[in-house]
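Structure below is coords.tsv: TSV, C-alpha atoms and all ligand atoms.
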chain	number	residue	atom	x	y	z
A	7	MET	CA	-37.05	-13.87	0.13
A	8	ILE	CA	-33.69	-12.78	1.47
A	9	THR	CA	-31.16	-12.11	-1.25
A	10	LYS	CA	-27.49	-12.84	-0.76
A	11	THR	CA	-26.65	-9.17	-0.30
A	12	GLN	CA	-29.33	-8.76	2.34
A	13	GLU	CA	-28.17	-11.87	4.08
A	14	LYS	CA	-24.66	-10.49	4.24
A	15	GLU	CA	-25.96	-7.19	5.49
A	16	LYS	CA	-27.88	-9.06	8.18
A	17	ASP	CA	-24.55	-10.04	9.67
A	18	THR	CA	-22.86	-6.69	9.30
A	19	TYR	CA	-22.98	-4.46	12.35
A	20	VAL	CA	-20.69	-1.69	11.17
A	21	ARG	CA	-19.61	-0.63	7.70
A	22	PHE	CA	-16.97	1.87	6.64
A	23	GLU	CA	-17.49	2.82	3.01
A	24	ASN	CA	-14.74	4.76	1.24
A	25	VAL	CA	-14.06	6.75	4.39
A	26	THR	CA	-11.39	9.44	4.23
A	27	LYS	CA	-10.33	11.87	6.94
A	28	LYS	CA	-8.09	14.82	6.17
A	29	PHE	CA	-6.57	17.29	8.58
A	30	GLY	CA	-5.78	20.22	6.32
A	31	SER	CA	-3.83	18.76	3.45
A	32	PHE	CA	-2.75	15.71	5.50
A	33	THR	CA	-4.71	12.52	4.91
A	34	ALA	CA	-4.93	10.59	8.19
A	35	VAL	CA	-7.39	7.95	6.91
A	36	SER	CA	-7.49	7.22	3.21
A	37	ASP	CA	-10.46	5.65	1.41
A	38	VAL	CA	-11.04	2.95	4.00
A	39	SER	CA	-13.76	0.35	3.41
A	40	PHE	CA	-14.51	-2.64	5.61
A	41	ASP	CA	-17.31	-4.39	7.49
A	42	ILE	CA	-17.45	-5.57	11.07
A	43	TYR	CA	-19.57	-8.68	11.43
A	44	LYS	CA	-21.89	-9.66	14.22
A	45	GLY	CA	-20.17	-11.61	16.98
A	46	GLU	CA	-16.61	-11.27	15.73
A	47	VAL	CA	-13.53	-9.84	17.33
A	48	LEU	CA	-11.88	-7.62	14.74
A	49	GLY	CA	-8.36	-6.56	15.67
A	50	PHE	CA	-7.12	-3.27	14.28
A	51	LEU	CA	-3.37	-3.38	14.02
A	52	GLY	CA	-1.02	-0.62	12.95
A	53	PRO	CA	1.99	1.39	14.04
A	54	ASN	CA	1.73	4.73	15.83
A	55	GLY	CA	0.11	7.38	13.71
A	56	ALA	CA	-1.37	4.86	11.26
A	57	GLY	CA	-4.91	6.18	11.68
A	58	LYS	CA	-6.46	3.74	14.17
A	59	SER	CA	-7.82	6.30	16.63
A	60	THR	CA	-9.02	8.58	13.84
A	61	THR	CA	-10.96	5.70	12.27
A	62	MET	CA	-12.51	4.78	15.61
A	63	LYS	CA	-13.36	8.39	16.37
A	64	MET	CA	-15.33	8.56	13.13
A	65	LEU	CA	-17.31	5.55	14.31
A	66	ALA	CA	-17.97	7.35	17.59
A	67	ARG	CA	-18.83	10.51	15.62
A	68	LEU	CA	-16.15	12.38	17.56
A	69	GLN	CA	-14.70	13.11	14.12
A	70	ARG	CA	-16.62	13.55	10.89
A	71	PRO	CA	-15.34	11.86	7.75
A	72	THR	CA	-14.08	14.28	5.10
A	73	SER	CA	-15.73	11.94	2.62
A	74	GLY	CA	-17.31	8.50	2.68
A	75	THR	CA	-19.89	6.99	4.99
A	76	VAL	CA	-20.02	5.05	8.23
A	77	TYR	CA	-23.01	2.74	8.76
A	78	ILE	CA	-24.17	1.18	12.00
A	79	ARG	CA	-26.85	-1.43	12.44
A	80	GLY	CA	-30.06	-0.10	13.92
A	81	ASN	CA	-33.69	-1.25	13.55
A	82	GLY	CA	-32.48	-4.45	11.89
A	83	HIS	CA	-30.52	-2.88	9.05
A	84	LEU	CA	-27.49	-0.71	8.38
A	85	GLU	CA	-28.15	2.98	8.80
A	86	GLU	CA	-25.94	5.84	7.77
A	87	LEU	CA	-24.41	7.48	10.82
A	88	ASN	CA	-25.20	11.18	10.78
A	89	ILE	CA	-25.84	14.06	13.11
A	90	LYS	CA	-29.57	13.28	13.37
A	91	ASN	CA	-29.42	9.62	14.29
A	92	LYS	CA	-26.10	9.44	16.08
A	93	ASP	CA	-27.48	9.28	19.61
A	94	TYR	CA	-29.88	6.52	18.80
A	95	LEU	CA	-27.34	4.49	16.78
A	96	LEU	CA	-24.50	4.97	19.24
A	97	ASN	CA	-26.58	3.76	22.18
A	98	ASN	CA	-25.84	0.30	20.83
A	99	VAL	CA	-22.08	0.95	20.78
A	100	GLY	CA	-19.67	1.27	23.67
A	101	PHE	CA	-16.39	3.13	23.34
A	102	LEU	CA	-13.05	3.34	25.01
A	103	ILE	CA	-11.40	5.97	22.85
A	104	GLU	CA	-8.82	7.96	24.72
A	105	ASN	CA	-6.93	6.89	27.77
A	106	PRO	CA	-9.57	7.13	30.46
A	107	ASN	CA	-9.02	10.12	32.66
A	108	PHE	CA	-11.48	9.72	35.47
A	109	TYR	CA	-12.18	12.17	38.22
A	110	GLY	CA	-10.26	11.05	41.23
A	111	ASN	CA	-12.98	12.03	43.64
A	112	MET	CA	-15.52	9.70	42.12
A	113	THR	CA	-15.95	6.00	42.70
A	114	PRO	CA	-16.41	3.37	39.98
A	115	ARG	CA	-20.02	3.01	41.08
A	116	GLU	CA	-20.70	6.72	40.61
A	117	ILE	CA	-18.98	7.01	37.25
A	118	LEU	CA	-20.43	3.82	35.79
A	119	SER	CA	-23.95	4.62	36.98
A	120	TYR	CA	-23.64	7.99	35.32
A	121	TYR	CA	-22.56	6.45	31.99
A	122	ALA	CA	-25.25	3.76	32.07
A	123	GLU	CA	-28.00	6.32	32.59
A	124	LEU	CA	-26.56	8.68	30.00
A	125	LYS	CA	-26.72	5.89	27.43
A	126	GLY	CA	-30.30	5.05	28.28
A	127	TYR	CA	-29.90	1.92	30.39
A	128	PRO	CA	-33.12	1.31	32.40
A	129	LYS	CA	-32.71	3.27	35.60
A	130	SER	CA	-34.12	0.59	37.88
A	131	LYS	CA	-31.51	-1.89	36.68
A	132	VAL	CA	-28.45	0.33	36.78
A	133	LYS	CA	-27.31	-0.64	40.29
A	134	LYS	CA	-27.26	-4.35	39.55
A	135	ARG	CA	-25.66	-3.82	36.15
A	136	VAL	CA	-22.84	-1.68	37.55
A	137	GLU	CA	-22.04	-4.30	40.17
A	138	GLU	CA	-22.05	-6.98	37.49
A	139	VAL	CA	-19.58	-5.25	35.18
A	140	VAL	CA	-17.22	-4.30	37.98
A	141	ALA	CA	-17.15	-7.97	38.96
A	142	LEU	CA	-16.22	-8.84	35.37
A	143	VAL	CA	-12.89	-7.08	35.85
A	144	ASP	CA	-12.45	-8.26	39.44
A	145	LEU	CA	-12.74	-4.86	41.03
A	146	SER	CA	-15.81	-5.52	43.21
A	147	ASP	CA	-13.85	-4.69	46.36
A	148	TRP	CA	-13.08	-1.26	44.92
A	149	ILE	CA	-16.51	-0.30	43.68
A	150	ASP	CA	-17.05	2.37	46.36
A	151	VAL	CA	-13.46	3.57	46.60
A	152	LYS	CA	-12.48	6.97	45.20
A	153	MET	CA	-10.44	6.44	42.07
A	154	LYS	CA	-7.62	8.81	42.90
A	155	GLY	CA	-5.68	5.97	44.51
A	156	PHE	CA	-6.22	3.56	41.62
A	157	SER	CA	-3.34	2.22	39.59
A	158	LYS	CA	-3.20	2.89	35.87
A	159	GLY	CA	-4.36	-0.67	35.16
A	160	MET	CA	-7.34	-0.34	37.50
A	161	ARG	CA	-8.37	2.92	35.83
A	162	GLN	CA	-8.00	1.33	32.43
A	163	LYS	CA	-10.26	-1.54	33.49
A	164	ILE	CA	-12.91	0.85	34.73
A	165	GLY	CA	-12.53	2.68	31.41
A	166	ILE	CA	-13.13	-0.55	29.56
A	167	VAL	CA	-16.21	-1.50	31.53
A	168	SER	CA	-17.58	2.00	31.04
A	169	ALA	CA	-17.74	0.98	27.37
A	170	ILE	CA	-19.99	-1.98	28.16
A	171	VAL	CA	-22.01	-0.83	31.15
A	172	HIS	CA	-25.10	0.04	29.05
A	173	ASP	CA	-24.89	-3.43	27.47
A	174	PRO	CA	-24.28	-2.46	23.83
A	175	ASP	CA	-23.94	-5.10	21.12
A	176	ILE	CA	-20.87	-3.42	19.62
A	177	ILE	CA	-17.80	-2.62	21.68
A	178	VAL	CA	-14.98	-0.43	20.39
A	179	LEU	CA	-11.77	-0.33	22.39
A	180	ASP	CA	-8.90	1.88	21.31
A	181	GLU	CA	-5.62	0.48	22.66
A	182	PRO	CA	-7.10	-1.23	25.72
A	183	HIS	CA	-3.68	-2.74	26.55
A	184	THR	CA	-1.75	0.50	26.53
A	185	GLY	CA	0.33	1.16	29.60
A	186	LEU	CA	-0.61	-2.09	31.29
A	187	ASP	CA	1.75	-4.65	32.75
A	188	PRO	CA	1.79	-8.23	31.40
A	189	LYS	CA	-0.62	-9.51	34.04
A	190	ALA	CA	-3.17	-6.79	33.33
A	191	ARG	CA	-2.76	-7.35	29.60
A	192	THR	CA	-3.53	-11.02	30.08
A	193	GLU	CA	-6.68	-10.03	31.95
A	194	ILE	CA	-7.73	-7.71	29.14
A	195	ARG	CA	-7.26	-10.55	26.64
A	196	ALA	CA	-9.42	-12.81	28.78
A	197	PHE	CA	-11.98	-10.05	29.03
A	198	ILE	CA	-12.16	-9.61	25.24
A	199	ARG	CA	-12.68	-13.36	24.88
A	200	LYS	CA	-15.43	-13.19	27.47
A	201	LEU	CA	-17.18	-10.44	25.52
A	202	LYS	CA	-17.11	-12.64	22.44
A	203	GLU	CA	-18.58	-15.55	24.40
A	204	MET	CA	-21.36	-13.21	25.47
A	205	GLY	CA	-22.12	-12.69	21.78
A	206	LYS	CA	-20.71	-9.18	21.59
A	207	THR	CA	-19.06	-7.71	18.54
A	208	VAL	CA	-15.66	-6.28	19.39
A	209	PHE	CA	-13.49	-3.88	17.40
A	210	PHE	CA	-10.24	-3.13	19.18
A	211	SER	CA	-6.95	-1.57	18.23
A	212	SER	CA	-3.38	-2.10	19.21
A	213	HIS	CA	0.07	-1.58	17.81
A	214	LEU	CA	1.10	-4.79	19.57
A	215	LEU	CA	0.91	-7.72	17.21
A	216	TYR	CA	0.67	-10.25	20.01
A	217	GLU	CA	-2.34	-8.66	21.66
A	218	VAL	CA	-4.18	-8.63	18.36
A	219	SER	CA	-3.22	-12.11	17.17
A	220	GLU	CA	-4.19	-13.75	20.47
A	221	VAL	CA	-7.86	-12.82	20.49
A	222	SER	CA	-8.95	-11.70	17.01
A	223	ASP	CA	-11.09	-13.62	14.57
A	224	ARG	CA	-9.98	-11.26	11.82
A	225	VAL	CA	-7.27	-8.66	11.68
A	226	ALA	CA	-7.22	-5.39	9.77
A	227	ILE	CA	-3.76	-3.92	9.30
A	228	ILE	CA	-3.64	-0.18	8.79
A	229	SER	CA	-0.57	1.73	7.67
A	230	LYS	CA	-0.36	5.40	6.74
A	231	GLY	CA	-4.13	5.68	6.70
A	232	LYS	CA	-4.73	2.74	4.38
A	233	ILE	CA	-6.02	-0.72	5.19
A	234	ILE	CA	-3.30	-2.88	3.68
A	235	ALA	CA	-4.62	-6.27	4.77
A	236	LEU	CA	-7.83	-7.61	6.26
A	237	ASP	CA	-8.38	-11.28	6.72
A	238	THR	CA	-8.52	-14.11	9.20
A	239	LEU	CA	-5.27	-14.67	11.01
A	240	GLU	CA	-4.96	-18.01	9.31
A	241	ASN	CA	-5.08	-16.46	5.85
A	242	LEU	CA	-2.74	-13.62	6.77
A	243	GLU	CA	-0.28	-16.12	8.11
A	244	ARG	CA	-0.55	-18.19	4.96
A	245	MET	CA	0.16	-15.09	2.88
A	246	ALA	CA	3.16	-14.21	4.97
A	247	ARG	CA	4.46	-17.77	5.13
A	248	GLY	CA	4.79	-18.70	1.51
A	249	SER	CA	6.13	-15.53	0.17
A	250	ILE	CA	9.75	-16.38	-0.60
A	251	ILE	CA	11.35	-19.29	-2.39
A	252	GLU	CA	15.09	-19.71	-1.91
A	253	LEU	CA	16.72	-21.33	-4.86
A	254	GLU	CA	20.22	-22.71	-5.13
A	255	LEU	CA	21.66	-23.91	-8.45
A	256	HIS	CA	24.26	-26.54	-9.10
A	257	ASP	CA	27.51	-25.43	-10.83
A	258	PHE	CA	26.52	-21.81	-10.52
A	259	SER	CA	29.16	-19.14	-10.90
A	260	ILE	CA	28.60	-15.50	-10.14
A	261	GLU	CA	29.44	-14.37	-13.70
A	262	GLY	CA	26.29	-16.09	-14.91
A	263	LYS	CA	24.09	-14.29	-12.41
A	264	ASP	CA	22.51	-11.72	-14.72
A	265	ALA	CA	21.69	-14.24	-17.40
A	266	VAL	CA	20.04	-16.53	-14.85
A	267	LEU	CA	18.11	-13.61	-13.38
A	268	ALA	CA	16.85	-12.58	-16.83
A	269	GLU	CA	15.72	-16.10	-17.58
A	270	LEU	CA	14.01	-16.46	-14.20
A	271	GLN	CA	12.23	-13.16	-14.77
A	272	LYS	CA	10.89	-14.38	-18.08
A	273	ILE	CA	9.83	-17.86	-17.04
A	274	ILE	CA	8.97	-17.60	-13.37
A	275	VAL	CA	7.42	-14.17	-12.82
A	276	PRO	CA	4.20	-15.10	-14.69
A	277	LEU	CA	3.77	-18.05	-12.29
A	278	THR	CA	4.17	-16.15	-9.03
A	279	GLY	CA	0.65	-14.81	-8.76
A	280	LEU	CA	2.10	-11.33	-8.35
A	281	ASN	CA	2.20	-8.37	-10.72
A	282	ALA	CA	5.50	-7.97	-12.47
A	283	ALA	CA	5.67	-4.53	-10.88
A	284	ASP	CA	5.39	-6.01	-7.37
A	285	ASN	CA	7.80	-8.74	-8.17
A	286	SER	CA	11.44	-9.04	-7.74
A	287	ILE	CA	13.59	-12.03	-8.24
A	288	SER	CA	16.89	-11.27	-6.68
A	289	PHE	CA	20.21	-12.83	-5.88
A	290	ASN	CA	21.41	-12.97	-2.30
A	291	SER	CA	25.20	-12.88	-2.41
A	292	ASP	CA	25.54	-14.00	1.21
A	293	SER	CA	23.63	-17.22	0.79
A	294	GLN	CA	24.45	-17.53	-2.95
A	295	GLN	CA	20.76	-18.18	-3.52
A	296	PHE	CA	18.16	-16.65	-5.77
A	297	GLU	CA	15.10	-15.39	-3.98
A	298	ILE	CA	11.74	-15.59	-5.67
A	299	LEU	CA	8.76	-13.78	-4.22
A	300	PHE	CA	5.39	-15.40	-4.83
A	301	ASP	CA	1.88	-15.15	-3.43
A	302	GLY	CA	2.09	-18.15	-1.13
A	303	ASN	CA	-0.42	-20.20	-3.10
A	304	PRO	CA	0.75	-23.86	-3.10
A	305	ASP	CA	-0.49	-24.32	-6.71
A	306	ASN	CA	1.85	-21.54	-7.79
A	307	GLN	CA	4.67	-22.95	-5.73
A	308	TYR	CA	4.30	-26.27	-7.52
A	309	ALA	CA	4.09	-24.57	-10.95
A	310	ILE	CA	7.33	-22.69	-10.23
A	311	PHE	CA	9.04	-25.87	-9.11
A	312	ARG	CA	7.96	-27.71	-12.27
A	313	ALA	CA	8.95	-24.84	-14.59
A	314	LEU	CA	12.43	-24.76	-13.11
A	315	PHE	CA	12.92	-28.43	-13.91
A	316	GLU	CA	11.33	-28.25	-17.33
A	317	ASN	CA	13.67	-25.38	-18.22
A	318	ASN	CA	16.73	-27.27	-17.06
A	319	PHE	CA	17.65	-25.19	-14.07
A	320	LYS	CA	19.96	-27.35	-12.01
A	321	VAL	CA	18.14	-26.97	-8.73
A	322	VAL	CA	19.99	-28.28	-5.68
A	323	GLU	CA	17.90	-26.51	-3.13
A	324	PHE	CA	14.34	-25.24	-3.26
A	325	SER	CA	12.96	-24.07	0.02
A	326	VAL	CA	10.20	-21.90	1.37
A	327	PRO	CA	11.41	-20.48	4.66
A	328	ARG	CA	8.91	-20.42	7.48
A	329	ALA	CA	9.64	-17.09	8.99
A	330	ASP	CA	7.78	-15.68	11.92
A	331	LEU	CA	4.71	-15.41	9.73
A	332	LEU	CA	2.46	-12.57	10.66
A	333	GLU	CA	5.26	-10.74	12.34
A	334	ASP	CA	7.08	-10.50	9.02
A	335	LEU	CA	4.02	-9.24	7.27
A	336	TYR	CA	3.48	-6.62	9.90
A	337	LEU	CA	7.11	-5.55	10.06
A	338	LYS	CA	7.09	-5.07	6.34
A	339	PHE	CA	4.64	-2.25	6.78
A	340	MET	CA	5.95	-0.63	9.88
A	341	ASN	CA	8.15	2.37	9.46
A	342	GLU	CA	11.83	1.76	9.60
A	343	GLU	CA	12.41	3.35	12.94
A	344	GLU	CA	9.95	1.10	14.68
A	345	THR	CA	11.27	-1.95	12.89
A	346	GLU	CA	14.76	-1.18	14.07
A	347	GLU	CA	13.56	-0.57	17.59
A	348	LEU	CA	11.81	-3.93	17.62
A	349	GLN	CA	14.83	-5.69	16.18
A	350	ARG	CA	17.05	-4.11	18.80
A	351	LYS	CA	14.69	-5.38	21.48
A	352	GLN	CA	14.58	-8.85	19.94
A	353	ALA	CA	18.38	-8.95	19.73
A	354	LYS	CA	18.55	-7.96	23.38
A	355	MET	CA	16.02	-10.64	24.31
A	356	ALA	CA	18.01	-13.20	22.34
A	357	GLN	CA	21.14	-12.19	24.24
A	358	VAL	CA	19.38	-12.47	27.54
A	359	SER	CA	17.95	-15.90	26.79
A	360	ALA	CA	21.18	-17.23	25.23
A	401	LIG	N1	-6.91	16.41	15.29
A	401	LIG	C1	-5.87	16.18	14.48
A	401	LIG	N2	-5.29	17.18	13.79
A	401	LIG	C2	-4.25	16.95	12.96
A	401	LIG	N3	-3.70	15.75	12.75
A	401	LIG	C3	-4.22	14.71	13.41
A	401	LIG	C4	-5.34	14.87	14.30
A	401	LIG	N4	-5.64	13.66	14.82
A	401	LIG	C5	-4.76	12.79	14.27
A	401	LIG	N5	-3.92	13.41	13.44
A	401	LIG	C6	-2.85	12.79	12.66
A	401	LIG	O1	-3.39	11.70	11.94
A	401	LIG	C7	-2.52	10.60	11.95
A	401	LIG	C8	-3.22	9.38	12.50
A	401	LIG	O2	-3.41	9.56	13.89
A	401	LIG	P1	-4.15	8.50	14.80
A	401	LIG	O3	-4.23	9.07	16.15
A	401	LIG	O4	-5.41	8.08	14.14
A	401	LIG	O5	-3.11	7.30	14.75
A	401	LIG	P2	-3.12	5.94	15.60
A	401	LIG	O6	-3.02	4.83	14.62
A	401	LIG	O7	-4.23	5.93	16.56
A	401	LIG	O8	-1.72	6.03	16.35
A	401	LIG	P3	-1.30	5.58	17.88
A	401	LIG	O9	-0.91	4.13	17.80
A	401	LIG	O10	-0.11	6.43	18.15
A	401	LIG	O11	-2.45	5.85	18.77
A	401	LIG	C9	-1.30	11.02	12.75
A	401	LIG	O12	-0.30	11.43	11.86
A	401	LIG	C10	-1.79	12.19	13.55
A	401	LIG	O13	-0.76	13.10	13.78
A	402	MG	MG	-4.34	5.89	18.62
Exercise: express the given structure as structure tokens:
Amino acid sequence: MITKTQEKEKDTYVRFENVTKKFGSFTAVSDVSFDIYKGEVLGFLGPNGAGKSTTMKMLARLQRPTSGTVYIRGNGHLEELNIKNKDYLLNNVGFLIENPNFYGNMTPREILSYYAELKGYPKSKVKKRVEEVVALVDLSDWIDVKMKGFSKGMRQKIGIVSAIVHDPDIIVLDEPHTGLDPKARTEIRAFIRKLKEMGKTVFFSSHLLYEVSEVSDRVAIISKGKIIALDTLENLERMARGSIIELELHDFSIEGKDAVLAELQKIIVPLTGLNAADNSISFNSDSQQFEILFDGNPDNQYAIFRALFENNFKVVEFSVPRADLLEDLYLKFMNEEETEELQRKQAKMAQVSA
């Protein structure tokens, strides 16, 4: 009989369990635990320096965890990744970790054949396989051309197919979109979708929200070494969407603000689904509205609405703004500098399109 736990494990291809990586006293990855399931595309989103590459390097065994364990599926069950079994376990994983830096004097055929054989792909089938994967990224015409004349995007594509040439079940791509123009990025998105259709399990990172949200089944957000959210896009969006209620009161004068705030704290905070410590009900003097944070659960939203009426708050406006959902959630966790940079860009875009 298969128990529930075993059944779940059956679908798990990779597991990080309480994984921490320190460089000296600096903690780059902090107590990270998550599973990657068979056949999913898991997007790994986080600002520069968040710990994405370090996490992926521990999966490739290019870095060893300071503590905690990485498991990879082998022989039908999860096995702890260690120095003894790493070659055998990693044969079922393909990696694009650093920006590919290929030797200019080699051709895609030469490099990819080398990788395929290194990873144990049957020698007699390598030629056909290499031609197949190069066709996947539309570079068949370039298969025997020395790579020194290749554009950055072409190199990146060869780098990506080098991760799949030995036909692994699990594909790990660190920033596959980096440095590519919009057309090439679109192609990479299509390629990731194609991998999923082929039944592959894909774990890829980006600091670009759009690239992640377009192709991922689930998204893990990492910030300062910690996974701060991991869910389906739909659920993340729901969390981000419902998080603020804007409340306007009839006959309100600013002198009464503190009394109203105190009363809202007492009555409403227990209904928000958030810890009192995480919570803040505040007054926005520009809009003259009170702002109530809550967890986005519609049941709680209704309970708050009802409590306001039952306690005789003279509500003239009660609204839950639909902000740019996931973007808000992500921005919340990005460091200030990057947030400002993005906002400057958005303002510029808005000017251009106005
Ligand atoms: N070998 C190392 N020695 C010391 N510190 C390191 C080392 N590798 C990474 N770090 C630090 O760990 C943190 C996480 O780095 P990491 O490369 O994992 O971030 P990242 O999320 O991949 O960022 P990016 O989007 O810029 O690629 C950074 O502060 C980085 O400086
Ligand atoms: Mg990185």
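Residues of protein or nucleic acid lying within 6 Å of ligand LIG 401 (chain A), counting all atoms listed in the file, are Phe29, Ala34, Pro53, Asn54, Gly55, Ala56, Gly57, Lys58, Ser59, Thr60 and His213 of chain A.
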Who sits within 6 Å of A:Ile251, only C-alpha atoms, same chain under 4 positions skipped, as an MDAnalysis selection string:
chainID A and resid 297:298 325:326
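The nearest approach to A:Glu217 among the residues A:Leu48, A:Met160, A:Leu267, A:Leu299, with all atoms listed in the file taken into account, belongs to A:Leu48.
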Counting only C-alpha atoms and all ligand atoms, closest pick from A:Leu84, A:Leu270, A:Val225, A:Ile103 relative to ligand MG 402 (chain A) is A:Ile103
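Shortest atom-to-atom contact with A:Pro188 among A:Leu215, A:Ala66, A:Gly126, A:Gly159: A:Gly159, counting only C-alpha atoms.
If you measure from each of A:Glu138, A:Asp175, A:Asp187, A:Asp264 to A:Ser157 using only C-alpha atoms, the closest one turns out to be A:Asp187.
Using all atoms listed in the file, the smallest distance between any of A:Val218, A:Leu236, A:Leu242, A:Leu179 and ligand MG 402 (chain A) comes from A:Leu179.
Among the candidate residues A:Val20, A:Thr192, A:Ile42, A:Ser212, the one lying nearest to ligand MG 402 (chain A) is A:Ser212, with distances computed using only C-alpha atoms and all ligand atoms.
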Do you have the atom CA of A:Ala268-atom CA of A:Leu314 distance handy?
13.5 Å
Could you name the residues that touch A:Asn98 at 8 Å or less, counting all atoms listed in the file, but leaving out those on the same chain fewer than 4 positions away, as JSON, numbers by chain?
{"A": [94, 173, 174, 175, 176]}
